[in-house]
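Worksheet: one structure, shown below.
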Amino acid sequence: MSHGVVAEPAHRLRAVIVGSGMIGNVHRRAAILAGAEIVGVVEHDLQAAQDAAERWEVRNYYDCLADALEPDVDVVHICTPNITHAELTRLTLLADTHVICEKPLCLDPAEGTELAQLAESRGLVAAIPYIYRYHPLVREIRERRLAGEFGRLHLIHGSYLQDWLLSPKVSSWRVDSDRGGRSRAFADIGSHWCDLVEWVAGQQISALLADTAIAVPERPAQSGPTFSGASATATQQIAVQTEDIA
């Protein structure tokens, strides 16, 4: 009787995570489960970066991504507010480092084309984690379409519903257009829906007609605990500039 041994990879991917919030922690866990090593964390200030490094048991921490882009870093995960994604992605690619950037990559088609071409010209992986592609049911539907079971598609419809900002007593950095960008419901989660449709159907969206609405016209100026159900303590209200519904 013989037995085999699974060889260890010759090189563990070394990852830096930019942004240590909820999504940053999701990326950290996923990278570790995939066999990568988290070698650095970047935050908006050094104290926040140090706190995250201690929490994650990571040796290196920075308040500037440029300082973290050492030659032996393989991939950077960008998990920061939406308005910063394009700039940080460009910086990473120019350092000849692979990048995984949270959606949306940018809010300007020309900028998206530029970044895609930059990655291609340097032979780098530049990925957006549209994770719903990998749900077993989604993959089953796509495989059946590829096998020709559905014939010609006439109509695709669906929705992406979230209620986490339903209460007017809660807020988030996503509501702030200076941090979240000029689109919220569509760019932040609608991008997932659009990608899912294109992935399953094998067709690209070429034109868009949309109605948008702001359901909650004012919210607390300070972010509150949107998932816990507790009310934000801030009394100052600000006008909401981004859509709740698209």
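Every chain in the structure tokens takes a letter, A first, then B, and so on in the order presented; its residues are numbered from 1, and the ligands are numbered from 1 following the presented order.
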If you run DSSP on the backbone here, which positions in region 99-216 of chain A get helix (DSSP H, G or I)? Please write them as a ChimeraX atom specification. /A:109-121,131-134,136-146,173-175,177-180,185-201
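Near His98 (chain A), within a cut-off of 7 Å and counting only C-alpha atoms, sit the residues Asp74, Val75, Val76, Leu93, Asp96, Leu124, Val125 and Ala126 of chain A, with same-chain residues fewer than 2 positions away left out.
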Counting only C-alpha atoms, what is within 9 Å of region 127-138 of chain A, bar same-chain residues fewer than 5 positions away, as an mmCIF file with N, CA, C and O atoms, in the first residue's frame?
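And here is the file that came out, result32.cif:
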data_model
loop_
_atom_site.group_PDB
_atom_site.id
_atom_site.type_symbol
_atom_site.label_atom_id
_atom_site.label_comp_id
_atom_site.auth_asym_id
_atom_site.auth_seq_id
_atom_site.Cartn_x
_atom_site.Cartn_y
_atom_site.Cartn_z
ATOM 1 N N HIS A 98 -0.552 42.669 -7.999
ATOM 2 C CA HIS A 98 -1.926 42.249 -8.274
ATOM 3 C C HIS A 98 -2.881 42.928 -7.289
ATOM 4 O O HIS A 98 -2.486 43.278 -6.165
ATOM 5 N N VAL A 99 -4.143 43.089 -7.707
ATOM 6 C CA VAL A 99 -5.091 43.802 -6.858
ATOM 7 C C VAL A 99 -6.464 43.135 -6.902
ATOM 8 O O VAL A 99 -6.924 42.682 -7.954
ATOM 9 N N ILE A 100 -7.095 43.074 -5.742
ATOM 10 C CA ILE A 100 -8.499 42.676 -5.622
ATOM 11 C C ILE A 100 -9.215 43.861 -4.994
ATOM 12 O O ILE A 100 -8.943 44.224 -3.848
ATOM 13 N N CYS A 101 -10.102 44.488 -5.761
ATOM 14 C CA CYS A 101 -10.752 45.718 -5.315
ATOM 15 C C CYS A 101 -12.243 45.495 -5.129
ATOM 16 O O CYS A 101 -12.906 44.933 -6.001
ATOM 17 N N GLU A 102 -12.756 45.951 -4.007
ATOM 18 C CA GLU A 102 -14.195 45.882 -3.781
ATOM 19 C C GLU A 102 -14.934 46.715 -4.826
ATOM 20 O O GLU A 102 -14.397 47.664 -5.391
ATOM 21 N N LYS A 103 -16.184 46.346 -5.071
ATOM 22 C CA LYS A 103 -16.996 47.106 -6.017
ATOM 23 C C LYS A 103 -17.542 48.351 -5.328
ATOM 24 O O LYS A 103 -17.637 48.391 -4.098
ATOM 25 N N PRO A 104 -17.863 49.398 -6.115
ATOM 26 C CA PRO A 104 -17.556 49.532 -7.530
ATOM 27 C C PRO A 104 -16.104 49.964 -7.729
ATOM 28 O O PRO A 104 -15.560 50.700 -6.904
ATOM 29 N N LEU A 105 -15.493 49.510 -8.804
ATOM 30 C CA LEU A 105 -14.113 49.898 -9.086
ATOM 31 C C LEU A 105 -14.002 51.406 -9.232
ATOM 32 O O LEU A 105 -13.062 52.027 -8.740
ATOM 33 N N GLU A 143 -24.451 27.010 -16.264
ATOM 34 C CA GLU A 143 -24.040 25.812 -17.007
ATOM 35 C C GLU A 143 -25.175 25.304 -17.893
ATOM 36 O O GLU A 143 -24.944 24.827 -19.004
ATOM 37 N N SER A 191 -24.521 47.007 -8.771
ATOM 38 C CA SER A 191 -23.437 46.469 -9.591
ATOM 39 C C SER A 191 -23.367 44.951 -9.458
ATOM 40 O O SER A 191 -23.044 44.247 -10.426
ATOM 41 N N HIS A 192 -23.664 44.423 -8.278
ATOM 42 C CA HIS A 192 -23.723 42.971 -8.083
ATOM 43 C C HIS A 192 -24.823 42.359 -8.969
ATOM 44 O O HIS A 192 -24.618 41.329 -9.609
ATOM 45 N N TRP A 193 -25.983 42.996 -8.981
ATOM 46 C CA TRP A 193 -27.113 42.460 -9.759
ATOM 47 C C TRP A 193 -26.775 42.463 -11.243
ATOM 48 O O TRP A 193 -27.026 41.479 -11.953
ATOM 49 N N ASP A 195 -23.816 42.409 -12.681
ATOM 50 C CA ASP A 195 -22.808 41.393 -12.983
ATOM 51 C C ASP A 195 -23.428 40.005 -13.006
ATOM 52 O O ASP A 195 -23.089 39.171 -13.852
ATOM 53 N N LEU A 196 -24.344 39.737 -12.082
ATOM 54 C CA LEU A 196 -24.978 38.423 -12.008
ATOM 55 C C LEU A 196 -25.774 38.128 -13.284
ATOM 56 O O LEU A 196 -25.707 37.021 -13.836
ATOM 57 N N TRP A 199 -23.319 37.477 -16.147
ATOM 58 C CA TRP A 199 -22.639 36.190 -15.935
ATOM 59 C C TRP A 199 -23.541 35.021 -16.319
ATOM 60 O O TRP A 199 -23.134 34.092 -17.011
ATOM 61 N N VAL A 200 -24.777 35.078 -15.892
ATOM 62 C CA VAL A 200 -25.709 33.980 -16.169
ATOM 63 C C VAL A 200 -26.140 33.987 -17.633
ATOM 64 O O VAL A 200 -26.195 32.943 -18.284
#
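With only C-alpha atoms as the atoms that count, the minimum distance from His11 (chain A) to the choices A:Ala53, A:Asp72, A:Val240, A:Gly40 is reached by A:Asp72.
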Contacts of region 185-187 of chain A at 6 Å or less, counting only C-alpha atoms, minus same-chain residues fewer than 2 places along, as JSON, numbers by chain? {"A": [183, 189, 190, 191, 243, 244, 245, 246]}
Those selected residues, please, written with all heavy atoms and delivered as a PDB file, in the first residue's frame.
ATOM      1  N   SER A 183     -23.365  57.607  -6.442  1.00  0.00           N
ATOM      2  CA  SER A 183     -24.421  56.591  -6.529  1.00  0.00           C
ATOM      3  C   SER A 183     -24.269  55.621  -5.370  1.00  0.00           C
ATOM      4  O   SER A 183     -23.154  55.229  -5.025  1.00  0.00           O
ATOM      5  CB  SER A 183     -24.330  55.834  -7.859  1.00  0.00           C
ATOM      6  OG  SER A 183     -25.247  54.755  -7.883  1.00  0.00           O
ATOM      7  N   ILE A 189     -24.690  48.113  -4.596  1.00  0.00           N
ATOM      8  CA  ILE A 189     -25.201  46.736  -4.665  1.00  0.00           C
ATOM      9  C   ILE A 189     -25.841  46.420  -6.006  1.00  0.00           C
ATOM     10  O   ILE A 189     -25.869  45.270  -6.423  1.00  0.00           O
ATOM     11  CB  ILE A 189     -26.196  46.432  -3.519  1.00  0.00           C
ATOM     12  CG1 ILE A 189     -27.419  47.337  -3.582  1.00  0.00           C
ATOM     13  CG2 ILE A 189     -25.513  46.532  -2.170  1.00  0.00           C
ATOM     14  CD1 ILE A 189     -28.487  46.972  -2.567  1.00  0.00           C
ATOM     15  N   GLY A 190     -26.291  47.452  -6.735  1.00  0.00           N
ATOM     16  CA  GLY A 190     -26.836  47.205  -8.069  1.00  0.00           C
ATOM     17  C   GLY A 190     -25.792  46.651  -9.013  1.00  0.00           C
ATOM     18  O   GLY A 190     -26.102  45.907  -9.950  1.00  0.00           O
ATOM     19  N   SER A 191     -24.521  47.007  -8.771  1.00  0.00           N
ATOM     20  CA  SER A 191     -23.437  46.469  -9.591  1.00  0.00           C
ATOM     21  C   SER A 191     -23.367  44.951  -9.458  1.00  0.00           C
ATOM     22  O   SER A 191     -23.044  44.247 -10.426  1.00  0.00           O
ATOM     23  CB  SER A 191     -22.105  47.112  -9.199  1.00  0.00           C
ATOM     24  OG  SER A 191     -21.889  47.020  -7.801  1.00  0.00           O
ATOM     25  N   GLU A 243     -29.106  57.902  -3.841  1.00  0.00           N
ATOM     26  CA  GLU A 243     -30.387  57.200  -3.923  1.00  0.00           C
ATOM     27  C   GLU A 243     -30.494  56.027  -2.962  1.00  0.00           C
ATOM     28  O   GLU A 243     -29.524  55.321  -2.717  1.00  0.00           O
ATOM     29  CB  GLU A 243     -30.635  56.749  -5.368  1.00  0.00           C
ATOM     30  CG  GLU A 243     -29.917  55.471  -5.793  1.00  0.00           C
ATOM     31  CD  GLU A 243     -28.446  55.646  -6.126  1.00  0.00           C
ATOM     32  OE1 GLU A 243     -27.944  56.787  -6.060  1.00  0.00           O
ATOM     33  OE2 GLU A 243     -27.788  54.631  -6.449  1.00  0.00           O
ATOM     34  N   ASP A 244     -31.704  55.826  -2.439  1.00  0.00           N
ATOM     35  CA  ASP A 244     -32.017  54.620  -1.662  1.00  0.00           C
ATOM     36  C   ASP A 244     -32.546  53.519  -2.579  1.00  0.00           C
ATOM     37  O   ASP A 244     -32.465  52.335  -2.227  1.00  0.00           O
ATOM     38  CB  ASP A 244     -33.098  54.929  -0.604  1.00  0.00           C
ATOM     39  CG  ASP A 244     -32.577  55.806   0.512  1.00  0.00           C
ATOM     40  OD1 ASP A 244     -31.632  55.392   1.187  1.00  0.00           O
ATOM     41  OD2 ASP A 244     -33.127  56.905   0.708  1.00  0.00           O
ATOM     42  N   ILE A 245     -33.107  53.912  -3.708  1.00  0.00           N
ATOM     43  CA  ILE A 245     -33.804  52.969  -4.592  1.00  0.00           C
ATOM     44  C   ILE A 245     -33.390  53.251  -6.039  1.00  0.00           C
ATOM     45  O   ILE A 245     -33.285  54.411  -6.440  1.00  0.00           O
ATOM     46  CB  ILE A 245     -35.332  53.152  -4.470  1.00  0.00           C
ATOM     47  CG1 ILE A 245     -35.802  52.934  -3.029  1.00  0.00           C
ATOM     48  CG2 ILE A 245     -36.073  52.213  -5.428  1.00  0.00           C
ATOM     49  CD1 ILE A 245     -37.186  53.506  -2.771  1.00  0.00           C
ATOM     50  N   ALA A 246     -33.162  52.198  -6.804  1.00  0.00           N
ATOM     51  CA  ALA A 246     -32.928  52.368  -8.237  1.00  0.00           C
ATOM     52  C   ALA A 246     -33.692  51.287  -8.969  1.00  0.00           C
ATOM     53  O   ALA A 246     -33.609  50.117  -8.603  1.00  0.00           O
ATOM     54  CB  ALA A 246     -31.444  52.293  -8.553  1.00  0.00           C
TER      55      ALA A 246
END
Give me the residues within 10 Å of Val41 (chain A) as a tab-separated table (two decimals) with N, CA, C and O atoms, in the first residue's frame, counting only C-alpha atoms and dropping any in the same chain fewer than 4 places off.
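Once written, part-v4.tsv looks like this:
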chain	number	residue	atom	x	y	z
A	15	ALA	N	-0.29	39.02	1.23
A	15	ALA	CA	-1.36	39.98	0.95
A	15	ALA	C	-1.32	41.15	1.93
A	15	ALA	O	-1.03	40.98	3.12
A	16	VAL	N	-1.65	42.32	1.41
A	16	VAL	CA	-1.87	43.51	2.22
A	16	VAL	C	-3.34	43.90	2.09
A	16	VAL	O	-3.89	43.90	0.99
A	17	ILE	N	-3.97	44.21	3.21
A	17	ILE	CA	-5.39	44.61	3.20
A	17	ILE	C	-5.49	46.09	3.52
A	17	ILE	O	-4.96	46.56	4.52
A	18	VAL	N	-6.16	46.83	2.64
A	18	VAL	CA	-6.38	48.26	2.84
A	18	VAL	C	-7.82	48.45	3.31
A	18	VAL	O	-8.75	48.22	2.54
A	19	GLY	N	-7.99	48.84	4.56
A	19	GLY	CA	-9.32	48.98	5.14
A	19	GLY	C	-9.64	47.78	6.01
A	19	GLY	O	-9.71	46.66	5.52
A	20	SER	N	-9.83	48.01	7.31
A	20	SER	CA	-9.98	46.91	8.25
A	20	SER	C	-11.39	46.79	8.82
A	20	SER	O	-11.60	46.21	9.87
A	24	GLY	N	-13.19	44.40	5.01
A	24	GLY	CA	-11.77	44.09	5.13
A	24	GLY	C	-11.55	42.80	5.89
A	24	GLY	O	-10.70	41.98	5.53
A	28	ARG	N	-9.83	39.32	4.72
A	28	ARG	CA	-8.76	38.71	5.52
A	28	ARG	C	-9.02	37.22	5.73
A	28	ARG	O	-8.14	36.38	5.49
A	48	ALA	N	-5.36	53.66	13.90
A	48	ALA	CA	-6.35	52.68	13.41
A	48	ALA	C	-5.66	51.49	12.78
A	48	ALA	O	-6.09	50.34	12.94
A	49	ALA	N	-4.56	51.74	12.06
A	49	ALA	CA	-3.80	50.65	11.43
A	49	ALA	C	-3.18	49.76	12.48
A	49	ALA	O	-3.19	48.52	12.37
A	50	GLN	N	-2.62	50.36	13.54
A	50	GLN	CA	-2.01	49.57	14.61
A	50	GLN	C	-3.06	48.73	15.33
A	50	GLN	O	-2.82	47.56	15.64
A	51	ASP	N	-4.23	49.33	15.59
A	51	ASP	CA	-5.31	48.59	16.25
A	51	ASP	C	-5.72	47.37	15.42
A	51	ASP	O	-5.92	46.28	15.95
A	52	ALA	N	-5.83	47.58	14.11
A	52	ALA	CA	-6.21	46.47	13.22
A	52	ALA	C	-5.12	45.40	13.20
A	52	ALA	O	-5.41	44.20	13.21
A	53	ALA	N	-3.86	45.83	13.16
A	53	ALA	CA	-2.75	44.87	13.13
A	53	ALA	C	-2.74	44.01	14.40
A	53	ALA	O	-2.51	42.79	14.34
A	56	TRP	N	-5.69	41.56	14.26
A	56	TRP	CA	-5.50	40.50	13.26
A	56	TRP	C	-4.19	39.74	13.44
A	56	TRP	O	-3.91	38.83	12.68
A	58	VAL	N	-1.15	40.87	12.84
A	58	VAL	CA	-0.34	41.17	11.66
A	58	VAL	C	0.82	42.06	12.10
A	58	VAL	O	0.64	43.00	12.88
A	59	ARG	N	1.99	41.78	11.60
A	59	ARG	CA	3.19	42.48	12.06
A	59	ARG	C	3.26	43.92	11.56
A	59	ARG	O	3.63	44.84	12.29
A	60	ASN	N	2.95	44.16	10.29
A	60	ASN	CA	3.17	45.46	9.67
A	60	ASN	C	1.88	46.26	9.53
A	60	ASN	O	0.84	45.70	9.15
A	61	TYR	N	1.94	47.54	9.81
A	61	TYR	CA	0.78	48.40	9.63
A	61	TYR	C	1.23	49.76	9.12
A	61	TYR	O	2.35	50.21	9.37
A	62	TYR	N	0.35	50.40	8.34
A	62	TYR	CA	0.71	51.62	7.64
A	62	TYR	C	-0.50	52.56	7.58
A	62	TYR	O	-1.66	52.11	7.65
A	63	ASP	N	-0.22	53.84	7.39
A	63	ASP	CA	-1.30	54.80	7.13
A	63	ASP	C	-1.24	55.30	5.69
A	63	ASP	O	-1.92	56.25	5.32
A	64	CYS	N	-0.41	54.64	4.86
A	64	CYS	CA	-0.27	55.01	3.46
A	64	CYS	C	0.01	53.76	2.65
A	64	CYS	O	0.96	53.01	2.97
A	65	LEU	N	-0.77	53.51	1.62
A	65	LEU	CA	-0.59	52.30	0.82
A	65	LEU	C	0.78	52.27	0.15
A	65	LEU	O	1.39	51.20	0.04
A	68	ALA	N	3.30	50.45	1.97
A	68	ALA	CA	3.08	49.02	2.14
A	68	ALA	C	3.45	48.20	0.91
A	68	ALA	O	3.54	46.98	0.97
A	76	VAL	N	-2.80	43.12	-3.23
A	76	VAL	CA	-3.41	44.10	-2.33
A	76	VAL	C	-4.92	43.97	-2.43
A	76	VAL	O	-5.48	43.92	-3.53
A	77	HIS	N	-5.58	43.88	-1.28
A	77	HIS	CA	-7.04	43.87	-1.21
A	77	HIS	C	-7.50	45.27	-0.81
A	77	HIS	O	-7.14	45.77	0.26
Please, which residues of region 37-163 of chain A, numbered as in this document, come out strand (DSSP E) from DSSP, as a count of residues only? 19
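Candidate residues A:Arg12, A:Ala30, A:His85, A:Asn25 were compared for distance to Val73 (chain A), and the nearest is A:Arg12, using only C-alpha atoms.
In this model, the gap between CA of Ile23 (chain A) and CA of Ile38 (chain A) comes to 14.9 Å.
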Can you work out the spacing between CA of Leu91 (chain A) and CA of Gln117 (chain A) in Å, to one decimal? 14.0 Å
For Arg179 (chain A), work out the shell of residues within 6 Å, counting only C-alpha atoms and skipping chain neighbours fewer than 2 positions away, then give it as a list in words. Pro81, Ile83, Asp176, Ser177 and Gly181 of chain A
Dump of N, CA and C atoms for the selected residues, as a compact mmCIF listing (two decimals), in the first residue's frame:
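Output contents, as saved in part.txt:
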# COMPACT_ATOMS: atom_id res chain seq x y z
N PRO A 81 -13.71 52.97 1.49
CA PRO A 81 -14.87 53.63 0.89
C PRO A 81 -14.76 53.77 -0.63
N ILE A 83 -15.17 55.87 -3.02
CA ILE A 83 -14.59 56.98 -3.77
C ILE A 83 -13.07 56.82 -3.90
N ASP A 176 -22.74 59.29 2.47
CA ASP A 176 -21.96 60.50 2.20
C ASP A 176 -21.36 60.40 0.80
N SER A 177 -21.81 61.24 -0.12
CA SER A 177 -21.33 61.16 -1.51
C SER A 177 -19.85 61.48 -1.62
N GLY A 181 -19.36 58.05 -3.02
CA GLY A 181 -19.58 58.33 -4.44
C GLY A 181 -20.98 58.82 -4.69
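Across the structure, CA of Ser223 (chain A) and CA of Gly21 (chain A) are spaced 13.4 Å apart.
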Find the residues near region 108-116 of chain A: any atom within 8 Å, counting only C-alpha atoms, skip ones fewer than 2 places away on the same chain, and give them as a compact mmCIF listing (two decimals) with N, CA, C and O atoms, in the first residue's frame.
# COMPACT_ATOMS: atom_id res chain seq x y z
N ALA A 86 -10.57 53.62 -7.21
CA ALA A 86 -9.82 53.78 -8.46
C ALA A 86 -8.40 54.26 -8.19
O ALA A 86 -7.43 53.73 -8.75
N THR A 89 -6.34 51.43 -6.64
CA THR A 89 -6.09 50.39 -7.63
C THR A 89 -4.98 50.82 -8.59
O THR A 89 -4.07 50.05 -8.90
N ARG A 90 -5.03 52.06 -9.04
CA ARG A 90 -4.00 52.59 -9.95
C ARG A 90 -2.63 52.54 -9.27
O ARG A 90 -1.64 52.12 -9.87
N LEU A 105 -15.49 49.51 -8.80
CA LEU A 105 -14.11 49.90 -9.09
C LEU A 105 -14.00 51.41 -9.23
O LEU A 105 -13.06 52.03 -8.74
N CYS A 106 -14.97 52.00 -9.91
CA CYS A 106 -14.97 53.45 -10.10
C CYS A 106 -16.38 53.85 -10.51
O CYS A 106 -17.26 53.00 -10.66
N LEU A 118 -4.41 49.22 -17.97
CA LEU A 118 -3.18 49.28 -17.19
C LEU A 118 -2.82 47.89 -16.65
O LEU A 118 -1.66 47.46 -16.75
N ALA A 119 -3.81 47.19 -16.11
CA ALA A 119 -3.57 45.84 -15.60
C ALA A 119 -3.13 44.90 -16.71
O ALA A 119 -2.18 44.12 -16.55
N GLU A 120 -3.81 44.99 -17.85
CA GLU A 120 -3.48 44.10 -18.97
C GLU A 120 -2.09 44.38 -19.50
O GLU A 120 -1.33 43.45 -19.80
N ALA A 126 -6.29 41.93 -11.93
CA ALA A 126 -7.06 43.00 -11.31
C ALA A 126 -8.50 42.52 -11.23
O ALA A 126 -9.17 42.42 -12.26
